[in-house]
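Q: One structure, pasted below without further comment.
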Amino acid sequence: MSRAVCPGSFDPVTNGHLDIIGRTSRLFDEVVVAVGVNASKNRMFTSDERLEMLEEACGRFDNVRVAGFTGLVTDFCTEHDVQAIVKGLRAATDFDYEMPMAQMNAALTDVQTVFLPTATGTSFVSSSLVKEVAALGGDVSAFVPSFVLEALRARLADR
Ligand code: PNS
C-alpha cells in the first residue's frame, strides 16, 4: 500500500492545492492531507475551519483523508506509515524554499519528497494572494471552491 502526505497550512485551500492533491491521489493508493495546526503565522481561518474546508473539498477523492498535525512532518509520516511527501512547485522560488526542507526531511527519516509541477492555470495561485486580492475587493472566484469563497467573504465582512 503506497501512502503519501500533502502537508500545508491551507489558509484557505485553493484550486491549486486541490489540483496537486487530486494528481497525488492518482499516483498513490492513499493520500493524507496534513493540515498544520500549530504554525506560528497569523491565520485568517482557525485550524478547525481549515480542517473542515479540506474535508469538504477532498470529499470528491475516494482515497484522500484529512488530518491535523503538530510538530515535525517526518514524525507524522512515521506515525501514519507514509512513504512520500508530495509538494507542488509553482516556480523557482518554490524550489528554493522546498529543497532544503526536502533534504532535511530525508536526513531525519527515510521519507521521500516528490515535487509535482503545478498546472499552468494555477501556477500563480497562492492562499496569500487569494486573501490579499479578496481583501481588496478583487474577484477570486476562479481560484477557490465556491464554499471557500463564501467563507472568505464572510470572514472579510466580519472585519
Ligand atoms: O502551506 P505552507 O505554509 O507552505 O506549509 C508549510 C508546512 C506546514 C508544510 C511546513 O512548514 C512543515 O512541514 N511544517 C511542519 C514542521 C516541520 O516538519 N518542520 C521542519 C521542515 S524541514
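Chains: A, B, ... in order of the C-alpha cells. Residues: from 1 per chain. Ligands: from 1, in order shown.
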Please check which protein, DNA or RNA residues sit within 9 Å of ligand 1, counting only C-alpha atoms and all ligand atoms, and write them as a PDB file with N, CA, C and O atoms, in the first residue's frame.
A:
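Saved file out15.pdb follows:
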```
ATOM      1  N   CYS A   6       0.191  15.175   1.700  1.00  0.00           N
ATOM      2  CA  CYS A   6       0.253  16.532   1.146  1.00  0.00           C
ATOM      3  C   CYS A   6       0.125  17.484   2.338  1.00  0.00           C
ATOM      4  O   CYS A   6      -0.994  17.730   2.809  1.00  0.00           O
ATOM      5  N   PRO A   7       1.237  17.992   2.846  1.00  0.00           N
ATOM      6  CA  PRO A   7       1.163  18.866   4.017  1.00  0.00           C
ATOM      7  C   PRO A   7       1.047  20.332   3.635  1.00  0.00           C
ATOM      8  O   PRO A   7       1.485  20.746   2.561  1.00  0.00           O
ATOM      9  N   GLY A   8       0.457  21.111   4.502  1.00  0.00           N
ATOM     10  CA  GLY A   8       0.376  22.540   4.246  1.00  0.00           C
ATOM     11  C   GLY A   8      -0.429  23.256   5.299  1.00  0.00           C
ATOM     12  O   GLY A   8      -0.993  22.639   6.207  1.00  0.00           O
ATOM     13  N   SER A   9      -0.483  24.581   5.132  1.00  0.00           N
ATOM     14  CA  SER A   9      -1.276  25.404   6.044  1.00  0.00           C
ATOM     15  C   SER A   9      -2.725  25.515   5.557  1.00  0.00           C
ATOM     16  O   SER A   9      -3.645  25.613   6.360  1.00  0.00           O
ATOM     17  N   PHE A  10      -2.886  25.613   4.251  1.00  0.00           N
ATOM     18  CA  PHE A  10      -4.224  25.641   3.638  1.00  0.00           C
ATOM     19  C   PHE A  10      -5.101  26.744   4.245  1.00  0.00           C
ATOM     20  O   PHE A  10      -6.196  26.488   4.740  1.00  0.00           O
ATOM     21  N   ASP A  11      -4.603  27.966   4.202  1.00  0.00           N
ATOM     22  CA  ASP A  11      -5.318  29.095   4.831  1.00  0.00           C
ATOM     23  C   ASP A  11      -5.693  30.145   3.793  1.00  0.00           C
ATOM     24  O   ASP A  11      -5.094  31.225   3.777  1.00  0.00           O
ATOM     25  N   ALA A  34      -2.342  16.711   5.309  1.00  0.00           N
ATOM     26  CA  ALA A  34      -1.968  17.042   6.683  1.00  0.00           C
ATOM     27  C   ALA A  34      -1.993  18.564   6.857  1.00  0.00           C
ATOM     28  O   ALA A  34      -1.210  19.285   6.236  1.00  0.00           O
ATOM     29  N   VAL A  35      -2.882  19.011   7.707  1.00  0.00           N
ATOM     30  CA  VAL A  35      -3.084  20.444   7.918  1.00  0.00           C
ATOM     31  C   VAL A  35      -2.294  20.867   9.158  1.00  0.00           C
ATOM     32  O   VAL A  35      -2.579  20.383  10.262  1.00  0.00           O
ATOM     33  N   GLY A  36      -1.309  21.722   8.943  1.00  0.00           N
ATOM     34  CA  GLY A  36      -0.509  22.198  10.077  1.00  0.00           C
ATOM     35  C   GLY A  36      -1.371  23.045  10.995  1.00  0.00           C
ATOM     36  O   GLY A  36      -1.917  24.059  10.565  1.00  0.00           O
ATOM     37  N   VAL A  37      -1.511  22.602  12.225  1.00  0.00           N
ATOM     38  CA  VAL A  37      -2.437  23.300  13.122  1.00  0.00           C
ATOM     39  C   VAL A  37      -1.704  24.103  14.209  1.00  0.00           C
ATOM     40  O   VAL A  37      -2.346  24.730  15.031  1.00  0.00           O
ATOM     41  N   ASN A  38      -0.396  24.081  14.192  1.00  0.00           N
ATOM     42  CA  ASN A  38       0.302  24.849  15.229  1.00  0.00           C
ATOM     43  C   ASN A  38       1.291  25.858  14.666  1.00  0.00           C
ATOM     44  O   ASN A  38       2.144  26.356  15.373  1.00  0.00           O
ATOM     45  N   ALA A  39       1.176  26.104  13.347  1.00  0.00           N
ATOM     46  CA  ALA A  39       2.141  27.021  12.738  1.00  0.00           C
ATOM     47  C   ALA A  39       1.978  28.417  13.330  1.00  0.00           C
ATOM     48  O   ALA A  39       0.905  28.795  13.784  1.00  0.00           O
ATOM     49  N   LYS A  41       2.304  31.423  11.921  1.00  0.00           N
ATOM     50  CA  LYS A  41       1.820  32.553  11.115  1.00  0.00           C
ATOM     51  C   LYS A  41       0.434  32.984  11.572  1.00  0.00           C
ATOM     52  O   LYS A  41      -0.339  32.182  12.077  1.00  0.00           O
ATOM     53  N   PHE A  69      -2.012  18.159  12.019  1.00  0.00           N
ATOM     54  CA  PHE A  69      -0.758  17.706  12.619  1.00  0.00           C
ATOM     55  C   PHE A  69      -0.032  18.857  13.294  1.00  0.00           C
ATOM     56  O   PHE A  69      -0.180  20.020  12.917  1.00  0.00           O
ATOM     57  N   THR A  70       0.696  18.485  14.331  1.00  0.00           N
ATOM     58  CA  THR A  70       1.580  19.431  15.005  1.00  0.00           C
ATOM     59  C   THR A  70       2.973  18.805  14.987  1.00  0.00           C
ATOM     60  O   THR A  70       3.102  17.600  14.809  1.00  0.00           O
ATOM     61  N   GLY A  71       3.983  19.604  15.188  1.00  0.00           N
ATOM     62  CA  GLY A  71       5.337  19.049  15.242  1.00  0.00           C
ATOM     63  C   GLY A  71       5.895  18.777  13.863  1.00  0.00           C
ATOM     64  O   GLY A  71       5.478  19.379  12.863  1.00  0.00           O
ATOM     65  N   LEU A  72       6.832  17.835  13.816  1.00  0.00           N
ATOM     66  CA  LEU A  72       7.550  17.562  12.560  1.00  0.00           C
ATOM     67  C   LEU A  72       6.705  16.758  11.587  1.00  0.00           C
ATOM     68  O   LEU A  72       6.050  15.786  11.976  1.00  0.00           O
ATOM     69  N   VAL A  73       6.774  17.137  10.321  1.00  0.00           N
ATOM     70  CA  VAL A  73       6.052  16.376   9.298  1.00  0.00           C
ATOM     71  C   VAL A  73       6.642  14.969   9.180  1.00  0.00           C
ATOM     72  O   VAL A  73       5.925  14.011   8.861  1.00  0.00           O
ATOM     73  N   THR A  74       7.921  14.820   9.468  1.00  0.00           N
ATOM     74  CA  THR A  74       8.533  13.478   9.394  1.00  0.00           C
ATOM     75  C   THR A  74       7.963  12.564  10.484  1.00  0.00           C
ATOM     76  O   THR A  74       7.798  11.365  10.263  1.00  0.00           O
ATOM     77  N   ASP A  75       7.658  13.130  11.661  1.00  0.00           N
ATOM     78  CA  ASP A  75       7.021  12.312  12.714  1.00  0.00           C
ATOM     79  C   ASP A  75       5.628  11.879  12.265  1.00  0.00           C
ATOM     80  O   ASP A  75       5.214  10.746  12.500  1.00  0.00           O
ATOM     81  N   PHE A  76       4.919  12.810  11.607  1.00  0.00           N
ATOM     82  CA  PHE A  76       3.594  12.471  11.075  1.00  0.00           C
ATOM     83  C   PHE A  76       3.721  11.307  10.076  1.00  0.00           C
ATOM     84  O   PHE A  76       2.924  10.363  10.088  1.00  0.00           O
ATOM     85  N   LYS A  87       4.704  17.756  -2.771  1.00  0.00           N
ATOM     86  CA  LYS A  87       4.575  19.214  -2.780  1.00  0.00           C
ATOM     87  C   LYS A  87       4.435  19.697  -4.221  1.00  0.00           C
ATOM     88  O   LYS A  87       5.071  19.152  -5.127  1.00  0.00           O
ATOM     89  N   TYR A  97      12.637  27.261  -1.683  1.00  0.00           N
ATOM     90  CA  TYR A  97      12.035  27.125  -0.364  1.00  0.00           C
ATOM     91  C   TYR A  97      11.893  25.648   0.030  1.00  0.00           C
ATOM     92  O   TYR A  97      12.148  25.264   1.174  1.00  0.00           O
ATOM     93  N   GLU A  98      11.501  24.833  -0.939  1.00  0.00           N
ATOM     94  CA  GLU A  98      11.169  23.437  -0.654  1.00  0.00           C
ATOM     95  C   GLU A  98      12.384  22.511  -0.574  1.00  0.00           C
ATOM     96  O   GLU A  98      12.368  21.524   0.167  1.00  0.00           O
ATOM     97  N   PRO A 100      15.567  22.679   0.658  1.00  0.00           N
ATOM     98  CA  PRO A 100      16.200  22.394   1.954  1.00  0.00           C
ATOM     99  C   PRO A 100      15.286  21.605   2.884  1.00  0.00           C
ATOM    100  O   PRO A 100      15.767  20.755   3.645  1.00  0.00           O
ATOM    101  N   MET A 101      13.977  21.873   2.819  1.00  0.00           N
ATOM    102  CA  MET A 101      13.051  21.102   3.667  1.00  0.00           C
ATOM    103  C   MET A 101      13.028  19.635   3.241  1.00  0.00           C
ATOM    104  O   MET A 101      13.031  18.730   4.077  1.00  0.00           O
ATOM    105  N   ALA A 102      13.035  19.411   1.915  1.00  0.00           N
ATOM    106  CA  ALA A 102      13.042  18.029   1.427  1.00  0.00           C
ATOM    107  C   ALA A 102      14.305  17.312   1.883  1.00  0.00           C
ATOM    108  O   ALA A 102      14.267  16.147   2.307  1.00  0.00           O
ATOM    109  N   GLN A 103      15.438  18.018   1.806  1.00  0.00           N
ATOM    110  CA  GLN A 103      16.708  17.395   2.192  1.00  0.00           C
ATOM    111  C   GLN A 103      16.764  17.168   3.693  1.00  0.00           C
ATOM    112  O   GLN A 103      17.245  16.134   4.175  1.00  0.00           O
ATOM    113  N   MET A 104      16.254  18.145   4.477  1.00  0.00           N
ATOM    114  CA  MET A 104      16.221  17.966   5.930  1.00  0.00           C
ATOM    115  C   MET A 104      15.311  16.794   6.299  1.00  0.00           C
ATOM    116  O   MET A 104      15.660  15.941   7.134  1.00  0.00           O
ATOM    117  N   ASN A 105      14.148  16.724   5.671  1.00  0.00           N
ATOM    118  CA  ASN A 105      13.218  15.633   5.971  1.00  0.00           C
ATOM    119  C   ASN A 105      13.818  14.273   5.610  1.00  0.00           C
ATOM    120  O   ASN A 105      13.626  13.293   6.325  1.00  0.00           O
ATOM    121  N   ALA A 106      14.583  14.226   4.508  1.00  0.00           N
ATOM    122  CA  ALA A 106      15.233  12.969   4.119  1.00  0.00           C
ATOM    123  C   ALA A 106      16.338  12.601   5.107  1.00  0.00           C
ATOM    124  O   ALA A 106      16.595  11.414   5.353  1.00  0.00           O
ATOM    125  N   LEU A 108      16.236  13.330   8.288  1.00  0.00           N
ATOM    126  CA  LEU A 108      15.606  12.962   9.561  1.00  0.00           C
ATOM    127  C   LEU A 108      15.037  11.546   9.532  1.00  0.00           C
ATOM    128  O   LEU A 108      15.021  10.849  10.540  1.00  0.00           O
ATOM    129  N   SER A 127      -2.564  30.903  -1.386  1.00  0.00           N
ATOM    130  CA  SER A 127      -3.518  31.331  -0.355  1.00  0.00           C
ATOM    131  C   SER A 127      -3.293  32.802  -0.010  1.00  0.00           C
ATOM    132  O   SER A 127      -4.257  33.555   0.177  1.00  0.00           O
TER     133      SER A 127
END
```
Q: Determine, using only C-alpha atoms, which residues of stretch 4-73 of chain A have any atom at most 8 Å from an atom of stretch 139-159 of chain A, and tabulate each with its shortest atom pair and distance in Å to one decimal place, rows ordered by chain and then rising number, as CSV.
A:
```
residue,atom,partner,partner_atom,distance
A:Pro12,CA,A:Val148,CA,7.2
A:Val13,CA,A:Val144,CA,7.0
A:Thr14,CA,A:Val144,CA,4.5
A:Asn15,CA,A:Val144,CA,5.0
A:Gly16,CA,A:Phe143,CA,7.4
A:Met44,CA,A:Arg155,CA,7.7
A:Met53,CA,A:Val148,CA,7.0
A:Ala57,CA,A:Pro145,CA,7.4
```
Q: What's the 9 Å shell around A:Phe61, counting only C-alpha atoms, without same-chain residues fewer than 6 positions away, as a list in words?
A: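 Listing them by chain and then by number gives Ile21, Gly22 and Ser25 of chain A.
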Q: Write the residues of the selection above to a file with N, CA, C and O atoms, as a PDB file, in the first residue's frame.
A:
```
ATOM      1  N   ILE A  21      -3.435  17.773  -4.885  1.00  0.00           N
ATOM      2  CA  ILE A  21      -4.000  16.657  -4.113  1.00  0.00           C
ATOM      3  C   ILE A  21      -4.642  15.633  -5.063  1.00  0.00           C
ATOM      4  O   ILE A  21      -4.446  14.424  -4.917  1.00  0.00           O
ATOM      5  N   GLY A  22      -5.375  16.120  -6.046  1.00  0.00           N
ATOM      6  CA  GLY A  22      -6.035  15.218  -6.985  1.00  0.00           C
ATOM      7  C   GLY A  22      -5.040  14.400  -7.793  1.00  0.00           C
ATOM      8  O   GLY A  22      -5.215  13.190  -7.986  1.00  0.00           O
ATOM      9  N   SER A  25      -3.499  11.787  -5.662  1.00  0.00           N
ATOM     10  CA  SER A  25      -4.415  10.664  -5.404  1.00  0.00           C
ATOM     11  C   SER A  25      -4.406   9.648  -6.547  1.00  0.00           C
ATOM     12  O   SER A  25      -4.819   8.511  -6.366  1.00  0.00           O
TER      13      SER A  25
END
```
Q: Please list as a ChimeraX atom specification every residue within 8 Å of A:Val114, counting only C-alpha atoms and excluding residues in the same chain fewer than 6 positions away.
A: /A:84-87
